[in-house]
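*Asks:* So I've got this file, target35.cif, and it contains mmCIF, C-alpha atoms:
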data_work
#
loop_
_atom_site.group_PDB
_atom_site.id
_atom_site.type_symbol
_atom_site.label_atom_id
_atom_site.label_comp_id
_atom_site.auth_asym_id
_atom_site.auth_seq_id
_atom_site.Cartn_x
_atom_site.Cartn_y
_atom_site.Cartn_z
ATOM 1 C CA MET A 13 -10.584 13.642 -5.734
ATOM 2 C CA ILE A 14 -7.223 12.814 -7.324
ATOM 3 C CA LEU A 15 -4.039 13.974 -5.625
ATOM 4 C CA LYS A 16 -1.541 14.922 -8.326
ATOM 5 C CA ASN A 17 2.068 13.783 -7.959
ATOM 6 C CA PHE A 18 1.010 11.054 -5.555
ATOM 7 C CA ILE A 19 1.839 7.435 -6.471
ATOM 8 C CA VAL A 20 0.898 4.314 -4.522
ATOM 9 C CA PHE A 21 2.374 0.798 -4.696
ATOM 10 C CA GLU A 22 0.068 -1.940 -3.396
ATOM 11 C CA GLY A 23 0.379 -5.686 -2.952
ATOM 12 C CA ILE A 24 0.298 -8.505 -0.437
ATOM 13 C CA ASP A 25 3.256 -9.164 1.859
ATOM 14 C CA GLY A 26 6.351 -10.145 -0.100
ATOM 15 C CA ALA A 27 5.113 -8.694 -3.397
ATOM 16 C CA GLY A 28 8.173 -6.451 -3.641
ATOM 17 C CA THR A 29 6.661 -2.991 -3.242
ATOM 18 C CA SER A 30 9.284 -1.788 -0.752
ATOM 19 C CA THR A 31 12.166 -2.958 -2.932
ATOM 20 C CA GLN A 32 10.791 -1.215 -6.002
ATOM 21 C CA ILE A 33 10.075 2.066 -4.227
ATOM 22 C CA LYS A 34 13.629 2.117 -2.916
ATOM 23 C CA ARG A 35 14.970 1.565 -6.432
ATOM 24 C CA ILE A 36 12.788 4.218 -8.051
ATOM 25 C CA VAL A 37 13.544 6.855 -5.426
ATOM 26 C CA GLU A 38 17.275 6.143 -5.323
ATOM 27 C CA GLY A 39 17.306 6.446 -9.116
ATOM 28 C CA ASN A 40 15.892 9.972 -8.979
ATOM 29 C CA PRO A 41 16.039 11.386 -5.427
ATOM 30 C CA ASP A 42 15.485 14.959 -6.585
ATOM 31 C CA LYS A 43 12.072 14.063 -7.993
ATOM 32 C CA TYR A 44 10.712 11.286 -5.773
ATOM 33 C CA PHE A 45 10.100 10.967 -2.034
ATOM 34 C CA ALA A 46 9.431 7.571 -0.424
ATOM 35 C CA THR A 47 6.972 6.965 2.389
ATOM 36 C CA ALA A 48 4.955 4.053 3.766
ATOM 37 C CA GLU A 49 1.985 2.950 5.833
ATOM 38 C CA PRO A 50 1.818 2.311 8.715
ATOM 39 C CA THR A 51 3.795 5.520 9.146
ATOM 40 C CA LYS A 52 6.681 6.355 11.457
ATOM 41 C CA GLY A 53 4.345 8.548 13.505
ATOM 42 C CA GLU A 54 3.012 7.583 16.908
ATOM 43 C CA THR A 55 -0.125 5.890 15.567
ATOM 44 C CA GLY A 56 1.931 4.053 12.970
ATOM 45 C CA LYS A 57 4.394 2.861 15.608
ATOM 46 C CA PHE A 58 1.503 1.561 17.693
ATOM 47 C CA LEU A 59 0.132 -0.299 14.656
ATOM 48 C CA ARG A 60 3.507 -1.887 13.921
ATOM 49 C CA ARG A 61 3.630 -3.192 17.489
ATOM 50 C CA MET A 62 0.188 -4.716 16.970
ATOM 51 C CA LEU A 63 1.268 -6.213 13.639
ATOM 52 C CA SER A 64 4.289 -7.788 15.334
ATOM 53 C CA GLY A 65 1.913 -9.690 17.619
ATOM 54 C CA GLU A 66 2.852 -7.779 20.764
ATOM 55 C CA PHE A 67 -0.845 -7.374 21.575
ATOM 56 C CA HIS A 68 -4.246 -8.025 20.036
ATOM 57 C CA LEU A 69 -6.872 -5.529 18.903
ATOM 58 C CA ASP A 70 -10.295 -6.111 17.417
ATOM 59 C CA GLU A 71 -10.159 -5.761 13.631
ATOM 60 C CA LYS A 72 -12.693 -2.935 13.741
ATOM 61 C CA THR A 73 -10.351 -1.059 16.055
ATOM 62 C CA ASN A 74 -7.521 -1.702 13.620
ATOM 63 C CA SER A 75 -9.601 -0.203 10.819
ATOM 64 C CA PHE A 76 -10.087 3.024 12.773
ATOM 65 C CA LEU A 77 -6.396 3.199 13.687
ATOM 66 C CA PHE A 78 -5.162 2.645 10.137
ATOM 67 C CA ALA A 79 -7.514 5.390 8.946
ATOM 68 C CA ALA A 80 -6.292 7.753 11.682
ATOM 69 C CA ASP A 81 -2.671 7.048 10.755
ATOM 70 C CA ARG A 82 -3.522 7.725 7.114
ATOM 71 C CA CYS A 83 -5.198 11.022 7.959
ATOM 72 C CA GLU A 84 -2.084 12.256 9.742
ATOM 73 C CA HIS A 85 0.067 10.852 6.930
ATOM 74 C CA LEU A 86 -1.824 12.995 4.443
ATOM 75 C CA TYR A 87 -2.497 16.188 6.317
ATOM 76 C CA GLY A 88 -0.010 16.278 9.196
ATOM 77 C CA LYS A 89 3.316 18.071 9.445
ATOM 78 C CA ASN A 90 5.796 16.797 6.830
ATOM 79 C CA GLY A 91 2.964 14.676 5.451
ATOM 80 C CA ILE A 92 2.125 13.706 1.893
ATOM 81 C CA ILE A 93 0.380 16.930 0.901
ATOM 82 C CA GLU A 94 3.064 19.146 2.430
ATOM 83 C CA THR A 95 5.761 17.147 0.625
ATOM 84 C CA ILE A 96 3.940 17.375 -2.701
ATOM 85 C CA ASN A 97 3.550 21.126 -2.247
ATOM 86 C CA SER A 98 7.327 21.364 -1.780
ATOM 87 C CA GLY A 99 7.752 20.060 -5.335
ATOM 88 C CA LYS A 100 8.294 16.333 -4.796
ATOM 89 C CA THR A 101 6.371 13.386 -6.216
ATOM 90 C CA VAL A 102 5.471 11.125 -3.293
ATOM 91 C CA ILE A 103 5.506 7.328 -3.637
ATOM 92 C CA SER A 104 3.789 5.479 -0.794
ATOM 93 C CA ASP A 105 4.224 1.831 0.066
ATOM 94 C CA ARG A 106 0.513 1.083 0.637
ATOM 95 C CA TYR A 107 -2.444 3.360 1.156
ATOM 96 C CA LEU A 108 -6.200 2.997 1.586
ATOM 97 C CA PHE A 109 -6.470 0.035 -0.803
ATOM 98 C CA SER A 110 -4.512 -2.200 1.563
ATOM 99 C CA SER A 111 -6.770 -1.230 4.460
ATOM 100 C CA ILE A 112 -9.867 -2.189 2.508
ATOM 101 C CA ALA A 113 -8.316 -5.512 1.467
ATOM 102 C CA TYR A 114 -6.683 -6.551 4.753
ATOM 103 C CA GLN A 115 -9.348 -5.380 7.208
ATOM 104 C CA SER A 116 -12.150 -6.773 5.038
ATOM 105 C CA VAL A 117 -10.842 -10.304 5.573
ATOM 106 C CA THR A 118 -11.998 -10.271 9.184
ATOM 107 C CA CYS A 119 -14.529 -7.452 9.604
ATOM 108 C CA GLY A 120 -16.131 -7.120 6.166
ATOM 109 C CA THR A 121 -15.823 -4.332 3.591
ATOM 110 C CA GLU A 122 -18.383 -1.842 4.947
ATOM 111 C CA LEU A 123 -16.328 -0.260 7.755
ATOM 112 C CA PRO A 124 -12.960 -0.049 5.898
ATOM 113 C CA GLU A 125 -14.677 1.434 2.831
ATOM 114 C CA LEU A 126 -16.540 3.977 4.964
ATOM 115 C CA LEU A 127 -13.465 5.073 6.922
ATOM 116 C CA ASN A 128 -11.446 5.559 3.744
ATOM 117 C CA SER A 129 -14.166 7.069 1.561
ATOM 118 C CA THR A 130 -13.099 10.705 1.993
ATOM 119 C CA PHE A 131 -9.365 10.311 1.351
ATOM 120 C CA PRO A 132 -8.040 11.520 -2.031
ATOM 121 C CA LEU A 133 -6.992 8.914 -4.569
ATOM 122 C CA PRO A 134 -3.453 8.814 -5.959
ATOM 123 C CA GLU A 135 -2.672 9.903 -9.481
ATOM 124 C CA TYR A 136 -1.040 6.524 -10.207
ATOM 125 C CA LEU A 137 -1.731 3.162 -8.540
ATOM 126 C CA PHE A 138 0.589 0.221 -9.163
ATOM 127 C CA PHE A 139 -0.908 -3.099 -8.066
ATOM 128 C CA PHE A 140 1.682 -5.881 -7.663
ATOM 129 C CA GLU A 141 0.068 -9.202 -8.574
ATOM 130 C CA ILE A 142 1.699 -12.378 -7.291
ATOM 131 C CA ASN A 143 0.821 -15.881 -6.110
ATOM 132 C CA PRO A 144 0.580 -15.730 -2.289
ATOM 133 C CA GLU A 145 2.680 -18.888 -1.938
ATOM 134 C CA ILE A 146 5.525 -17.228 -3.864
ATOM 135 C CA SER A 147 5.285 -13.970 -1.940
ATOM 136 C CA LEU A 148 5.136 -15.696 1.444
ATOM 137 C CA ALA A 149 8.180 -17.783 0.526
ATOM 138 C CA ARG A 150 9.999 -14.488 -0.014
ATOM 139 C CA VAL A 151 8.874 -13.299 3.425
ATOM 140 C CA ASN A 152 10.051 -16.546 5.044
ATOM 141 C CA SER A 153 13.456 -16.264 3.362
ATOM 142 C CA ARG A 154 14.158 -12.979 5.147
ATOM 143 C CA ASN A 155 14.661 -14.737 8.498
ATOM 144 C CA GLU A 156 12.787 -11.921 10.226
ATOM 145 C CA ASN A 157 9.970 -12.093 12.741
ATOM 146 C CA LYS A 158 6.733 -12.454 10.801
ATOM 147 C CA GLU A 159 3.744 -10.176 11.250
ATOM 148 C CA ILE A 160 0.343 -11.497 12.284
ATOM 149 C CA TYR A 161 -1.093 -11.332 8.758
ATOM 150 C CA GLU A 162 1.811 -13.219 7.156
ATOM 151 C CA LYS A 163 0.069 -16.601 7.035
ATOM 152 C CA ILE A 164 -0.819 -18.403 3.824
ATOM 153 C CA ASP A 165 -4.587 -18.680 4.365
ATOM 154 C CA PHE A 166 -4.856 -15.021 5.308
ATOM 155 C CA GLN A 167 -2.673 -13.948 2.363
ATOM 156 C CA LYS A 168 -4.791 -15.958 -0.082
ATOM 157 C CA LYS A 169 -7.967 -14.286 1.168
ATOM 158 C CA THR A 170 -6.274 -10.892 1.075
ATOM 159 C CA ALA A 171 -5.080 -11.454 -2.493
ATOM 160 C CA GLU A 172 -8.644 -12.204 -3.563
ATOM 161 C CA LEU A 173 -9.988 -9.115 -1.838
ATOM 162 C CA TYR A 174 -7.170 -6.963 -3.211
ATOM 163 C CA ASN A 175 -8.139 -8.035 -6.724
ATOM 164 C CA GLN A 176 -11.787 -7.193 -6.011
ATOM 165 C CA VAL A 177 -10.831 -3.769 -4.642
ATOM 166 C CA ILE A 178 -8.611 -2.911 -7.607
ATOM 167 C CA THR A 179 -11.196 -4.180 -10.101
ATOM 168 C CA LYS A 180 -13.851 -2.013 -8.460
ATOM 169 C CA TYR A 181 -11.692 1.074 -8.895
ATOM 170 C CA GLU A 182 -10.846 0.073 -12.474
ATOM 171 C CA ASN A 183 -14.571 0.018 -13.227
ATOM 172 C CA SER A 184 -15.306 3.296 -11.442
ATOM 173 C CA GLN A 185 -15.318 6.741 -12.968
ATOM 174 C CA THR A 186 -12.113 8.204 -11.540
ATOM 175 C CA GLU A 187 -9.072 9.799 -13.133
ATOM 176 C CA MET A 188 -6.727 7.526 -11.174
ATOM 177 C CA LYS A 189 -4.467 5.542 -13.501
ATOM 178 C CA ILE A 190 -4.166 1.887 -12.446
ATOM 179 C CA PHE A 191 -1.388 -0.438 -13.577
ATOM 180 C CA ARG A 192 -1.200 -4.140 -12.760
ATOM 181 C CA ILE A 193 2.388 -5.317 -12.341
ATOM 182 C CA ASP A 194 3.529 -8.935 -12.644
ATOM 183 C CA ALA A 195 5.439 -9.102 -9.368
ATOM 184 C CA SER A 196 6.626 -12.653 -10.081
ATOM 185 C CA GLU A 197 9.125 -11.237 -12.592
ATOM 186 C CA SER A 198 12.709 -10.541 -11.577
ATOM 187 C CA ILE A 199 13.473 -7.381 -9.595
ATOM 188 C CA ASP A 200 15.118 -5.794 -12.650
ATOM 189 C CA GLU A 201 12.161 -6.650 -14.893
ATOM 190 C CA VAL A 202 9.663 -5.145 -12.467
ATOM 191 C CA THR A 203 11.782 -1.999 -12.133
ATOM 192 C CA ALA A 204 11.897 -1.684 -15.916
ATOM 193 C CA ASP A 205 8.113 -2.131 -16.179
ATOM 194 C CA ILE A 206 7.455 0.611 -13.634
ATOM 195 C CA SER A 207 10.093 2.964 -15.041
ATOM 196 C CA ARG A 208 8.598 2.744 -18.539
ATOM 197 C CA ILE A 209 5.269 3.917 -17.143
ATOM 198 C CA LEU A 210 6.699 6.652 -14.944
ATOM 199 C CA ASN A 211 8.862 7.991 -17.767
ATOM 200 C CA THR A 212 5.710 8.794 -19.732
ATOM 201 C CA LYS A 213 4.266 10.778 -16.809
#
For this file, produce the structure as structure tokens.
*Replies:*
Amino acid sequence: MILKNFIVFEGIDGAGTSTQIKRIVEGNPDKYFATAEPTKGETGKFLRRMLSGEFHLDEKTNSFLFAADRCEHLYGKNGIIETINSGKTVISDRYLFSSIAYQSVTCGTELPELLNSTFPLPEYLFFFEINPEISLARVNSRNENKEIYEKIDFQKKTAELYNQVITKYENSQTEMKIFRIDASESIDEVTADISRILNTK
């Protein structure tokens, strides 16, 4: 199932998805609504504490929690579907594709794929491609506390799995439109690339 007026930006840490969503939404706030995963809900807050390294959970547990957060994100009060029905186009910073890529590094693809198999696909998927060493250098330059996954070996594995996930969807029979974005370009160039695509929507 494709969810119309739902757009997802995906990429490893430091790829620039958050920056680009902010630019697109600020450029047309009447049309677009920005959101992200993990969410600001209670499950999402719990996941962000885990990602900060405050405590450890088994990766299988993480997979279930990310899926639960996503379910509420979609169907809960003020969620994605409710926002779309109000007339907005929703742009999410990450969605099920990141769960499949990140959780598969440590617990394999079977469980993440199963838990996310019933969620609707976005109308548009933008996949930000970038060398993990470049993206992690961006993360390090922020002078913020790093999350548990923001390590070069993990990011390299995640980048490989991300590519496999996106390729699988490219080869599947869905109506989801997939666009690969060169995230190593300048911020303005990436914004222009995305805007050209969205302006044809």
*Asks:* Set the distance at 12 Å and use all atoms listed in the file: which residues neighbour Glu66 (chain A) once local chain neighbours fewer than 4 positions away are removed? I'd like the list as a PyMOL selection string.
*Replies:* chain A and resi 57-62+157-160
*Asks:* Quick check, in Å to one decimal: how far apart do CA of Leu126 (chain A) and CA of Met13 (chain A) lie?
*Replies:*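 Rounded to one decimal, the two atoms are 15.6 Å apart.
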*Asks:* Could you expand the PyMOL selection byres ((chain A and resi 42-51) around 6) into the explicit residues it covers here, written as a list in words?
*Replies:*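 Answer for the PyMOL selection byres ((chain A and resi 42-51) around 6): Val37, Asn40, Pro41, Lys52, Gly53, Gly56, Lys100, Thr101, Val102, Ile103, Ser104, Asp105 and Arg106 of chain A.
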*Asks:* Just give me the residues with any atom within 12 Å of (-18.6, -0.7, 0.2), file coordinates, counting all atoms listed in the file, written as a VMD selection string.
*Replies:* chain A and resid 112 to 113 116 120 to 129 176 to 177 180 to 181
*Asks:* For this file, the PyMOL selection byres ((chain A and resi 207) around 12) selects which residues, as a list in words?
*Replies:*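 Output of the PyMOL selection byres ((chain A and resi 207) around 12): Gln32, Ile33, Arg35, Ile36, Val37, Gly39, Asn40, Phe138, Ile193, Asp200, Glu201, Val202, Thr203, Ala204, Asp205, Ile206, Arg208, Ile209, Leu210, Asn211, Thr212 and Lys213 of chain A.
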*Asks:* Mind dumping the selected residues with C-alpha atoms as a PDB file, in the frame of the given file?
*Replies:*
ATOM      1  CA  GLN A  32      10.791  -1.215  -6.002  1.00  0.00           C
ATOM      2  CA  ILE A  33      10.075   2.066  -4.227  1.00  0.00           C
ATOM      3  CA  ARG A  35      14.970   1.565  -6.432  1.00  0.00           C
ATOM      4  CA  ILE A  36      12.788   4.218  -8.051  1.00  0.00           C
ATOM      5  CA  VAL A  37      13.544   6.855  -5.426  1.00  0.00           C
ATOM      6  CA  GLY A  39      17.306   6.446  -9.116  1.00  0.00           C
ATOM      7  CA  ASN A  40      15.892   9.972  -8.979  1.00  0.00           C
ATOM      8  CA  PHE A 138       0.589   0.221  -9.163  1.00  0.00           C
ATOM      9  CA  ILE A 193       2.388  -5.317 -12.341  1.00  0.00           C
ATOM     10  CA  ASP A 200      15.118  -5.794 -12.650  1.00  0.00           C
ATOM     11  CA  GLU A 201      12.161  -6.650 -14.893  1.00  0.00           C
ATOM     12  CA  VAL A 202       9.663  -5.145 -12.467  1.00  0.00           C
ATOM     13  CA  THR A 203      11.782  -1.999 -12.133  1.00  0.00           C
ATOM     14  CA  ALA A 204      11.897  -1.684 -15.916  1.00  0.00           C
ATOM     15  CA  ASP A 205       8.113  -2.131 -16.179  1.00  0.00           C
ATOM     16  CA  ILE A 206       7.455   0.611 -13.634  1.00  0.00           C
ATOM     17  CA  ARG A 208       8.598   2.744 -18.539  1.00  0.00           C
ATOM     18  CA  ILE A 209       5.269   3.917 -17.143  1.00  0.00           C
ATOM     19  CA  LEU A 210       6.699   6.652 -14.944  1.00  0.00           C
ATOM     20  CA  ASN A 211       8.862   7.991 -17.767  1.00  0.00           C
ATOM     21  CA  THR A 212       5.710   8.794 -19.732  1.00  0.00           C
ATOM     22  CA  LYS A 213       4.266  10.778 -16.809  1.00  0.00           C
TER      23      LYS A 213
END
*Asks:* Given the choices A:Ser184, A:Ser75, A:Ser147, A:Thr170, which gets closest to Gly28 (chain A) if the distance is worked out from all atoms listed in the file?
*Replies:* A:Ser147
*Asks:* Mind checking which residues fall within 12 Å of Ile142 (chain A), counting all atoms listed in the file, ignoring those fewer than 2 positions away in the same chain, and posting them as number ranges by chain?
*Replies:* A: 22-29, 139-140, 144-150, 167-168, 170-172, 174-175, 192-198, 202
*Asks:* From the list A:Tyr114, A:Phe109, A:Phe131, A:Phe166, which residue is nearest Leu86 (chain A) when using all atoms listed in the file?
*Replies:*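 Closest to Leu86 (chain A) of all the choices is A:Phe131.
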*Asks:* Provide the CA of Glu84 (chain A) to CA of Leu63 (chain A) distance in Å, to one decimal place.
*Replies:*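 Going from CA of Glu84 (chain A) over to CA of Leu63 (chain A), I get 19.2 Å.
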*Asks:* List as a PDB file with C-alpha atoms, keeping the file's coordinate frame the protein and nucleic acid residues near Asp70 (chain A), meaning an atom at most 12 Å away when only C-alpha atoms are counted, but skip any in the same chain fewer than 5 places from it.
*Replies:*
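Result saved to result31.pdb:
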ATOM      1  CA  MET A  62       0.188  -4.716  16.970  1.00  0.00           C
ATOM      2  CA  SER A  75      -9.601  -0.203  10.819  1.00  0.00           C
ATOM      3  CA  PHE A  76     -10.087   3.024  12.773  1.00  0.00           C
ATOM      4  CA  LEU A  77      -6.396   3.199  13.687  1.00  0.00           C
ATOM      5  CA  GLN A 115      -9.348  -5.380   7.208  1.00  0.00           C
ATOM      6  CA  THR A 118     -11.998 -10.271   9.184  1.00  0.00           C
ATOM      7  CA  CYS A 119     -14.529  -7.452   9.604  1.00  0.00           C
TER       8      CYS A 119
END
